[in-house]
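S.K.: One file is attached below, final-v5.cif, containing mmCIF, C-alpha atoms, pLDDT in the B column; chains and numbers go by the auth columns.
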```
data_model
#
loop_
_atom_site.group_PDB
_atom_site.id
_atom_site.type_symbol
_atom_site.label_atom_id
_atom_site.label_comp_id
_atom_site.label_asym_id
_atom_site.label_seq_id
_atom_site.Cartn_x
_atom_site.Cartn_y
_atom_site.Cartn_z
_atom_site.B_iso_or_equiv
_atom_site.auth_seq_id
_atom_site.auth_asym_id
ATOM 1 C CA MET A 1 -3.525 82.493 80.607 78.00 15 A
ATOM 2 C CA ASN A 2 -3.979 84.162 83.971 85.00 16 A
ATOM 3 C CA HIS A 3 -2.744 82.802 87.305 84.00 17 A
ATOM 4 C CA ALA A 4 -6.121 81.372 88.378 85.00 18 A
ATOM 5 C CA ASP A 5 -6.536 79.512 85.059 90.00 19 A
ATOM 6 C CA TYR A 6 -2.990 78.180 85.356 89.00 20 A
ATOM 7 C CA LEU A 7 -3.667 76.834 88.853 88.00 21 A
ATOM 8 C CA ARG A 8 -6.987 75.257 87.842 89.00 22 A
ATOM 9 C CA LYS A 9 -5.428 73.597 84.803 92.00 23 A
ATOM 10 C CA TRP A 10 -2.464 71.993 86.598 93.00 24 A
ATOM 11 C CA ILE A 11 -3.368 71.498 90.285 92.00 25 A
ATOM 12 C CA TYR A 12 -4.571 67.896 89.787 94.00 26 A
ATOM 13 C CA CYS A 13 -2.095 66.906 87.072 93.00 27 A
ATOM 14 C CA GLU A 14 -1.471 63.178 86.638 93.00 28 A
ATOM 15 C CA ALA A 15 0.695 63.341 83.500 94.00 29 A
ATOM 16 C CA CYS A 16 3.433 61.199 85.089 92.00 30 A
ATOM 17 C CA ASN A 17 3.950 58.960 88.097 91.00 31 A
ATOM 18 C CA LEU A 18 5.098 61.779 90.406 90.00 32 A
ATOM 19 C CA HIS A 19 1.505 62.493 91.452 89.00 33 A
ATOM 20 C CA GLU A 20 1.383 59.129 93.252 89.00 34 A
ATOM 21 C CA HIS A 21 3.423 60.326 96.264 87.00 35 A
ATOM 22 C CA ARG A 22 2.801 64.066 96.296 90.00 36 A
ATOM 23 C CA ARG A 23 1.046 65.927 99.074 91.00 37 A
ATOM 24 C CA ASN A 24 0.691 69.105 96.994 93.00 38 A
ATOM 25 C CA THR A 25 1.338 70.153 93.422 95.00 39 A
ATOM 26 C CA VAL A 26 3.908 72.950 93.698 96.00 40 A
ATOM 27 C CA LEU A 27 3.002 75.187 90.777 95.00 41 A
ATOM 28 C CA GLY A 28 5.066 78.224 91.661 95.00 42 A
ATOM 29 C CA GLU A 29 4.459 81.550 93.321 95.00 43 A
ATOM 30 C CA GLY A 30 5.369 85.171 93.025 96.00 44 A
ATOM 31 C CA ASP A 31 4.674 88.158 90.854 97.00 45 A
ATOM 32 C CA VAL A 32 2.673 87.733 87.656 95.00 46 A
ATOM 33 C CA PRO A 33 4.005 89.050 85.353 95.00 47 A
ATOM 34 C CA CYS A 34 7.587 88.924 86.597 97.00 48 A
ATOM 35 C CA ASP A 35 10.987 90.276 85.659 97.00 49 A
ATOM 36 C CA VAL A 36 12.974 87.275 86.905 98.00 50 A
ATOM 37 C CA LEU A 37 11.852 83.652 87.166 97.00 51 A
ATOM 38 C CA PHE A 38 14.002 81.440 89.412 98.00 52 A
ATOM 39 C CA LEU A 39 13.717 77.851 88.208 97.00 53 A
ATOM 40 C CA GLY A 40 14.750 74.842 90.293 96.00 54 A
ATOM 41 C CA ASP A 41 14.549 71.165 89.478 94.00 55 A
ATOM 42 C CA ALA A 42 11.803 69.881 91.795 94.00 56 A
ATOM 43 C CA PRO A 43 10.028 70.496 95.088 94.00 57 A
ATOM 44 C CA ASN A 44 11.599 68.999 98.200 91.00 58 A
ATOM 45 C CA LYS A 45 9.802 67.480 101.189 90.00 59 A
ATOM 46 C CA VAL A 46 9.039 70.837 102.866 92.00 60 A
ATOM 47 C CA GLU A 47 7.758 72.308 99.605 93.00 61 A
ATOM 48 C CA ASP A 48 5.616 69.225 98.984 92.00 62 A
ATOM 49 C CA VAL A 49 3.944 69.752 102.383 92.00 63 A
ATOM 50 C CA THR A 50 3.521 73.534 102.051 94.00 64 A
ATOM 51 C CA GLY A 51 2.753 73.630 98.324 94.00 65 A
ATOM 52 C CA ARG A 52 5.232 76.516 97.996 95.00 66 A
ATOM 53 C CA PRO A 53 8.472 76.492 95.976 96.00 67 A
ATOM 54 C CA PHE A 54 11.826 77.259 97.576 95.00 68 A
ATOM 55 C CA TYR A 55 10.667 76.957 101.184 94.00 69 A
ATOM 56 C CA GLY A 56 13.223 74.432 102.380 92.00 70 A
ATOM 57 C CA LYS A 57 16.740 75.304 103.563 94.00 71 A
ATOM 58 C CA ALA A 58 17.968 76.019 100.028 95.00 72 A
ATOM 59 C CA GLY A 59 14.915 78.173 99.388 96.00 73 A
ATOM 60 C CA HIS A 60 15.544 80.233 102.496 96.00 74 A
ATOM 61 C CA LEU A 61 19.150 80.738 101.428 97.00 75 A
ATOM 62 C CA LEU A 62 17.978 81.755 97.939 98.00 76 A
ATOM 63 C CA ARG A 63 15.450 84.239 99.317 97.00 77 A
ATOM 64 C CA PHE A 64 18.091 85.689 101.662 97.00 78 A
ATOM 65 C CA ALA A 65 20.546 86.045 98.753 98.00 79 A
ATOM 66 C CA ILE A 66 17.801 87.746 96.712 98.00 80 A
ATOM 67 C CA SER A 67 17.112 90.251 99.493 97.00 81 A
ATOM 68 C CA LEU A 68 20.832 91.079 99.760 97.00 82 A
ATOM 69 C CA ALA A 69 21.193 91.249 95.968 97.00 83 A
ATOM 70 C CA ALA A 70 18.306 93.723 95.770 97.00 84 A
ATOM 71 C CA VAL A 71 20.100 96.008 98.240 96.00 85 A
ATOM 72 C CA ILE A 72 23.391 95.715 96.333 95.00 86 A
ATOM 73 C CA ALA A 73 21.706 96.338 92.969 94.00 87 A
ATOM 74 C CA GLU A 74 19.493 99.042 94.460 95.00 88 A
ATOM 75 C CA LYS A 75 16.668 97.380 92.586 94.00 89 A
ATOM 76 C CA LYS A 76 14.102 94.705 93.508 91.00 90 A
ATOM 77 C CA PRO A 77 12.527 93.264 90.386 97.00 91 A
ATOM 78 C CA LYS A 78 9.302 91.280 90.318 98.00 92 A
ATOM 79 C CA ILE A 79 10.115 87.626 91.009 98.00 93 A
ATOM 80 C CA PHE A 80 8.414 84.281 90.396 98.00 94 A
ATOM 81 C CA TYR A 81 9.625 80.903 91.732 98.00 95 A
ATOM 82 C CA ALA A 82 8.991 77.612 89.923 97.00 96 A
ATOM 83 C CA ASN A 83 10.464 74.165 89.264 96.00 97 A
ATOM 84 C CA VAL A 84 10.957 71.960 86.215 95.00 98 A
ATOM 85 C CA VAL A 85 8.545 69.431 87.750 95.00 99 A
ATOM 86 C CA ALA A 86 5.692 70.404 90.039 95.00 100 A
ATOM 87 C CA CYS A 87 5.603 67.252 92.167 93.00 101 A
ATOM 88 C CA ARG A 88 8.258 65.906 94.508 90.00 102 A
ATOM 89 C CA PRO A 89 10.312 63.125 92.861 87.00 103 A
ATOM 90 C CA CYS A 90 10.606 60.366 95.451 77.00 104 A
ATOM 91 C CA SER A 91 9.492 56.781 95.954 65.00 105 A
ATOM 92 C CA SER A 92 7.663 57.542 99.224 62.00 106 A
ATOM 93 C CA PHE A 93 7.148 60.469 101.582 62.00 107 A
ATOM 94 C CA LYS A 94 9.961 59.253 103.854 64.00 108 A
ATOM 95 C CA THR A 95 12.655 58.976 101.183 70.00 109 A
ATOM 96 C CA LYS A 96 14.997 61.663 99.893 72.00 110 A
ATOM 97 C CA ASN A 97 14.384 63.508 96.654 74.00 111 A
ATOM 98 C CA ILE A 98 15.740 62.050 93.471 80.00 112 A
ATOM 99 C CA THR A 99 16.517 63.885 90.233 87.00 113 A
ATOM 100 C CA PRO A 100 13.461 64.014 87.966 90.00 114 A
ATOM 101 C CA THR A 101 13.689 61.605 85.058 90.00 115 A
ATOM 102 C CA LYS A 102 13.507 62.719 81.452 91.00 116 A
ATOM 103 C CA VAL A 103 10.000 61.224 81.185 93.00 117 A
ATOM 104 C CA GLN A 104 8.829 63.157 84.265 93.00 118 A
ATOM 105 C CA ALA A 105 10.378 66.415 83.083 92.00 119 A
ATOM 106 C CA MET A 106 8.933 66.030 79.585 92.00 120 A
ATOM 107 C CA ALA A 107 5.479 65.266 81.045 94.00 121 A
ATOM 108 C CA CYS A 108 5.705 68.534 82.994 94.00 122 A
ATOM 109 C CA GLN A 109 6.976 70.544 80.017 91.00 123 A
ATOM 110 C CA PRO A 110 3.523 71.824 78.949 91.00 124 A
ATOM 111 C CA ARG A 111 2.971 73.116 82.496 93.00 125 A
ATOM 112 C CA LEU A 112 6.358 74.839 82.521 92.00 126 A
ATOM 113 C CA PHE A 113 5.568 76.358 79.137 89.00 127 A
ATOM 114 C CA ASP A 114 2.251 77.686 80.495 91.00 128 A
ATOM 115 C CA CYS A 115 4.150 79.108 83.477 93.00 129 A
ATOM 116 C CA LEU A 116 6.524 80.980 81.156 92.00 130 A
ATOM 117 C CA ARG A 117 3.655 82.337 79.050 88.00 131 A
ATOM 118 C CA MET A 118 1.803 83.423 82.194 92.00 132 A
ATOM 119 C CA THR A 119 4.755 85.122 83.908 94.00 133 A
ATOM 120 C CA THR A 120 6.515 86.515 80.790 93.00 134 A
ATOM 121 C CA PRO A 121 9.894 86.835 82.538 95.00 135 A
ATOM 122 C CA ARG A 122 12.673 88.964 81.134 95.00 136 A
ATOM 123 C CA VAL A 123 15.226 86.569 82.664 97.00 137 A
ATOM 124 C CA VAL A 124 14.947 82.896 83.613 97.00 138 A
ATOM 125 C CA VAL A 125 17.556 81.878 86.180 98.00 139 A
ATOM 126 C CA CYS A 126 18.126 78.120 86.023 98.00 140 A
ATOM 127 C CA LEU A 127 19.370 76.944 89.400 98.00 141 A
ATOM 128 C CA GLY A 128 21.636 73.944 88.915 96.00 142 A
ATOM 129 C CA ASN A 129 22.311 71.488 86.125 96.00 143 A
ATOM 130 C CA THR A 130 18.923 69.761 86.074 94.00 144 A
ATOM 131 C CA ALA A 131 16.918 72.965 85.624 95.00 145 A
ATOM 132 C CA ASP A 132 19.379 74.204 83.012 96.00 146 A
ATOM 133 C CA ARG A 133 19.332 70.933 81.050 94.00 147 A
ATOM 134 C CA TYR A 134 15.535 70.690 80.876 93.00 148 A
ATOM 135 C CA MET A 135 15.058 74.400 80.174 92.00 149 A
ATOM 136 C CA ASN A 136 17.429 74.065 77.221 90.00 150 A
ATOM 137 C CA LYS A 137 15.302 71.190 75.887 88.00 151 A
ATOM 138 C CA LEU A 138 12.175 73.308 76.206 85.00 152 A
ATOM 139 C CA ARG A 139 13.867 76.227 74.428 85.00 153 A
ATOM 140 C CA ARG A 140 14.639 73.995 71.432 84.00 154 A
ATOM 141 C CA SER A 141 11.006 72.876 71.079 82.00 155 A
ATOM 142 C CA ASP A 142 8.841 74.174 68.243 79.00 156 A
ATOM 143 C CA THR A 143 6.198 75.269 70.746 76.00 157 A
ATOM 144 C CA PHE A 144 8.698 77.546 72.460 79.00 158 A
ATOM 145 C CA LYS A 145 10.090 78.902 69.195 75.00 159 A
ATOM 146 C CA ASP A 146 6.581 79.645 67.913 74.00 160 A
ATOM 147 C CA SER A 147 5.707 81.634 71.044 72.00 161 A
ATOM 148 C CA PHE A 148 8.871 83.453 72.061 75.00 162 A
ATOM 149 C CA GLY A 149 11.523 85.470 70.286 61.00 163 A
ATOM 150 C CA GLN A 150 11.935 86.427 66.651 56.00 164 A
ATOM 151 C CA GLY A 151 8.968 85.575 64.522 51.00 165 A
ATOM 152 C CA ALA A 152 6.676 85.154 67.508 50.00 166 A
ATOM 153 C CA ALA A 153 3.650 87.366 67.469 54.00 167 A
ATOM 154 C CA ASP A 154 3.289 88.009 71.149 66.00 168 A
ATOM 155 C CA LEU A 155 6.166 87.340 73.560 72.00 169 A
ATOM 156 C CA PRO A 156 9.843 88.339 73.559 78.00 170 A
ATOM 157 C CA GLU A 157 12.230 85.510 74.385 82.00 171 A
ATOM 158 C CA PRO A 158 13.627 85.815 77.902 90.00 172 A
ATOM 159 C CA MET A 159 17.346 85.765 78.609 93.00 173 A
ATOM 160 C CA PHE A 160 18.586 82.624 80.330 95.00 174 A
ATOM 161 C CA LYS A 161 21.184 82.475 83.084 97.00 175 A
ATOM 162 C CA LYS A 162 22.528 79.464 84.934 97.00 176 A
ATOM 163 C CA LEU A 163 23.575 79.698 88.577 98.00 177 A
ATOM 164 C CA ILE A 164 24.667 77.146 91.115 97.00 178 A
ATOM 165 C CA HIS A 165 21.781 75.529 92.980 96.00 179 A
ATOM 166 C CA PRO A 166 21.492 77.022 96.483 97.00 180 A
ATOM 167 C CA ASN A 167 21.289 73.498 97.917 94.00 181 A
ATOM 168 C CA TYR A 168 24.989 73.051 97.063 96.00 182 A
ATOM 169 C CA ILE A 169 25.804 76.121 99.167 97.00 183 A
ATOM 170 C CA VAL A 170 23.608 74.873 102.035 97.00 184 A
ATOM 171 C CA ARG A 171 25.360 71.478 102.051 95.00 185 A
ATOM 172 C CA ASN A 172 28.766 73.181 102.133 95.00 186 A
ATOM 173 C CA GLY A 173 28.389 75.677 104.961 94.00 187 A
ATOM 174 C CA GLY A 174 25.560 77.962 103.889 95.00 188 A
ATOM 175 C CA GLU A 175 26.116 81.694 104.107 95.00 189 A
ATOM 176 C CA ARG A 176 29.671 81.161 105.399 94.00 190 A
ATOM 177 C CA HIS A 177 30.718 79.384 102.197 93.00 191 A
ATOM 178 C CA PRO A 178 32.601 81.668 99.744 93.00 192 A
ATOM 179 C CA MET A 179 30.185 80.566 97.001 96.00 193 A
ATOM 180 C CA PHE A 180 27.371 82.397 98.809 98.00 194 A
ATOM 181 C CA ASP A 181 28.984 85.794 98.179 97.00 195 A
ATOM 182 C CA GLU A 182 29.501 84.943 94.524 97.00 196 A
ATOM 183 C CA PHE A 183 25.904 83.669 94.287 98.00 197 A
ATOM 184 C CA LYS A 184 24.418 86.878 95.742 97.00 198 A
ATOM 185 C CA MET A 185 26.641 89.040 93.497 97.00 199 A
ATOM 186 C CA ASP A 186 25.543 87.072 90.419 98.00 200 A
ATOM 187 C CA ILE A 187 21.921 87.690 91.379 98.00 201 A
ATOM 188 C CA SER A 188 22.555 91.388 91.954 97.00 202 A
ATOM 189 C CA GLU A 189 24.093 91.633 88.477 97.00 203 A
ATOM 190 C CA ILE A 190 20.976 90.045 86.999 97.00 204 A
ATOM 191 C CA PHE A 191 18.813 92.531 88.921 97.00 205 A
ATOM 192 C CA ARG A 192 20.825 95.492 87.616 96.00 206 A
ATOM 193 C CA ASN A 193 20.159 94.394 84.048 94.00 207 A
ATOM 194 C CA VAL A 194 16.390 93.899 84.200 92.00 208 A
#
```
Using the file provided, produce a representation of the structure as C-alpha cells.

M.R.:
Amino acid sequence: MNHADYLRKWIYCEACNLHEHRRNTVLGEGDVPCDVLFLGDAPNKVEDVTGRPFYGKAGHLLRFAISLAAVIAEKKPKIFYANVVACRPCSSFKTKNITPTKVQAMACQPRLFDCLRMTTPRVVVCLGNTADRYMNKLRRSDTFKDSFGQGAADLPEPMFKKLIHPNYIVRNGGERHPMFDEFKMDISEIFRNV
C-alpha cells in the first residue's frame, strides 16, 4: 500500500464513535518508508484542527528532542509520526482529550496495521503507556504475525521501544525537567542503532 492509497482508504473512517467529534482524521505524516515510527495514543485538539500528528506542545517538545538527538547521534533517520487512534477522543470539541477506549483502539487497529505495512519501520517508539499497551495487542494478533518477522514472506518485524510520553515532560516543566535530557538521550541511542 502506498501513502496515497492509505490516505484514501482511511480519511473518512467511521469504524468507531470517534469520528462524531473530529475535525480531521490524523493519519500520520513523515517519511515513507521510515526508519523510526513514533507512536502516540491519540491526536489532541491542535492536531485535530491541523490534521497533523504531534503538533501540540508535546509534539513540539518531541520534535525538538528529535532534532537534538540527531545531532548527538550524528545521524538523522527517516521518521514517521502516527497515533494508535486517528481521531481525537473527546465528548465535544471544547472538552479535554480522554484515553482511547479498547473498542476505539481495536476499531483503529486495521488502520495502524496498514500504517506499519506502508512505512516498514525498523523501530517503533511507543510514547507512553497507552501506545505501548495497544501496540503490544497488535503485535500478538495473527495478522501481525503473518506479515512481520519469522515466517513472514515480506516484512521484517520492527524493534519496539517504549519511552515516556512527551506530554508528561511538558506538564512538569518542559525542557527544564531532568526527564527531557534522558528522553533526548534515549532517542539518540535509538538513532545510533538504526

S.K.: Give me, as a list in words, all polymer residues having an atom no more than 10 Å from stretch 28-37 of chain A, counting all atoms listed in the file and skipping those fewer than 5 positions away in the same chain.

M.R.: Pro57, Lys59, Glu61, Asp62, Val63, Thr64, Gly65, Val99, Ala100, Cys101, Arg102, Pro103, Cys104, Ser105, Ser106, Phe107, Pro114, Val117, Gln118, Ala119, Met120, Ala121 and Cys122 of chain A

S.K.: So, counting only C-alpha atoms, which residue among A:Cys48, A:Leu141, A:Leu21, A:Lys71 is closest to A:Gly188?

M.R.: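 Among the listed residues, A:Lys71 lies closest to A:Gly188.
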
S.K.: Calculate how many Å separate atom CA of A:Val60 from atom CA of A:Asn38, rounding to one decimal.

M.R.: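 These two atoms are separated by 10.4 Å.
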
S.K.: Nearest residue to A:His191 out of A:Ile86, A:Leu169, A:Leu75, A:Val50, using all atoms listed in the file?

M.R.: A:Leu75

S.K.: Using all atoms listed in the file, which residues sit within 9 Å of A:Arg125 once same-chain residues fewer than 4 positions away are excluded, as a list in words?

M.R.: Tyr20, Lys23, Trp24, Leu41, Val98, Val99, Ala100, Ala121, Cys129 and Leu130 of chain A

S.K.: Using only C-alpha atoms, which of the listed residues (A:Lys110, A:Lys151, A:Lys92, A:Lys159) sits closest to A:Asn58?

M.R.: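 The closest residue to A:Asn58 is A:Lys110.
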
S.K.: Can you work out the spacing between atom CA of A:Lys89 and atom CA of A:His17 in Å, to one decimal?

M.R.: 24.8 Å

S.K.: For A:Val46, which residue out of A:Met149, A:Met15, A:Ile80, A:Val85 is the nearest one, using only C-alpha atoms?

M.R.: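 For A:Val46, the nearest of the given residues is A:Met15.
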
S.K.: Quick one: residues within 6 Å of stretch 194-198 of chain A, only C-alpha atoms, excluding same-chain residues fewer than 5 positions away - as a PDB file with C-alpha atoms, keeping the file's coordinate frame?

M.R.:
```pdb
ATOM      1  CA  ALA A  79      20.546  86.045  98.753  1.00 98.00           C
ATOM      2  CA  ALA A  83      21.193  91.249  95.968  1.00 97.00           C
ATOM      3  CA  GLU A 189      26.116  81.694 104.107  1.00 95.00           C
TER       4      GLU A 189
END
```

S.K.: May I ask which of the residues A:Ala87, A:Ile112, A:Ala56, A:Val139 is the closest one to A:Ser202, counting all atoms listed in the file?

M.R.: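 Distance minimum relative to A:Ser202 lands on A:Ala87.
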
S.K.: Can you list what the PyMOL selection byres ((chain A and resi 136) around 10) grabs from this structure, as a short mmCIF file (atom, residue, chain, number, x, y, z; two decimals) with C-alpha atoms, keeping the file's coordinate frame?

M.R.:
```cif
data_model
loop_
_atom_site.label_atom_id
_atom_site.label_comp_id
_atom_site.auth_asym_id
_atom_site.auth_seq_id
_atom_site.Cartn_x
_atom_site.Cartn_y
_atom_site.Cartn_z
CA PRO A 47 4.00 89.05 85.35
CA CYS A 48 7.59 88.92 86.60
CA ASP A 49 10.99 90.28 85.66
CA VAL A 50 12.97 87.28 86.90
CA LEU A 51 11.85 83.65 87.17
CA THR A 133 4.76 85.12 83.91
CA THR A 134 6.52 86.52 80.79
CA PRO A 135 9.89 86.84 82.54
CA VAL A 137 15.23 86.57 82.66
CA VAL A 138 14.95 82.90 83.61
CA VAL A 139 17.56 81.88 86.18
CA PRO A 170 9.84 88.34 73.56
CA GLU A 171 12.23 85.51 74.39
CA PRO A 172 13.63 85.82 77.90
CA MET A 173 17.35 85.76 78.61
CA PHE A 174 18.59 82.62 80.33
CA ASN A 207 20.16 94.39 84.05
CA VAL A 208 16.39 93.90 84.20
#
```

S.K.: Could you state the separation of atom CA of A:Asn16 and atom CA of A:Met132 in Å, given to one decimal place?

M.R.: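 Separation of atom CA of A:Asn16 and atom CA of A:Met132: 6.1 Å.
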
S.K.: Centre and edge lengths of an axis-aligned box around all listed atoms of stretch 121-133 of chain A, with 3 Å added on each side, are to be given in Å to one decimal, as JSON.

M.R.:
```
{"center_x": 4.4, "center_y": 75.2, "center_z": 81.4, "size_x": 11.2, "size_y": 25.9, "size_z": 11.0}
```

S.K.: Using all atoms listed in the file, which of the listed residues (A:Arg154, A:Arg22, A:Arg66, A:His74) sits closest to A:Asn181?

M.R.: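 Closest to A:Asn181, using all atoms listed in the file: A:His74.
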
S.K.: Written as a short mmCIF file (atom, residue, chain, number, x, y, z; two decimals) with C-alpha atoms, keeping the file's coordinate frame, what is the full residue list that the PyMOL selection byres ((chain A and resi 140) around 9) yields on the file shown?

M.R.:
```cif
data_model
loop_
_atom_site.label_atom_id
_atom_site.label_comp_id
_atom_site.auth_asym_id
_atom_site.auth_seq_id
_atom_site.Cartn_x
_atom_site.Cartn_y
_atom_site.Cartn_z
CA LEU A 51 11.85 83.65 87.17
CA PHE A 52 14.00 81.44 89.41
CA LEU A 53 13.72 77.85 88.21
CA GLY A 54 14.75 74.84 90.29
CA ASP A 55 14.55 71.17 89.48
CA VAL A 138 14.95 82.90 83.61
CA VAL A 139 17.56 81.88 86.18
CA LEU A 141 19.37 76.94 89.40
CA GLY A 142 21.64 73.94 88.92
CA ASN A 143 22.31 71.49 86.12
CA THR A 144 18.92 69.76 86.07
CA ALA A 145 16.92 72.96 85.62
CA ASP A 146 19.38 74.20 83.01
CA ARG A 147 19.33 70.93 81.05
CA MET A 149 15.06 74.40 80.17
CA PHE A 174 18.59 82.62 80.33
CA LYS A 175 21.18 82.48 83.08
CA LYS A 176 22.53 79.46 84.93
CA LEU A 177 23.58 79.70 88.58
CA ILE A 178 24.67 77.15 91.12
CA HIS A 179 21.78 75.53 92.98
#
```
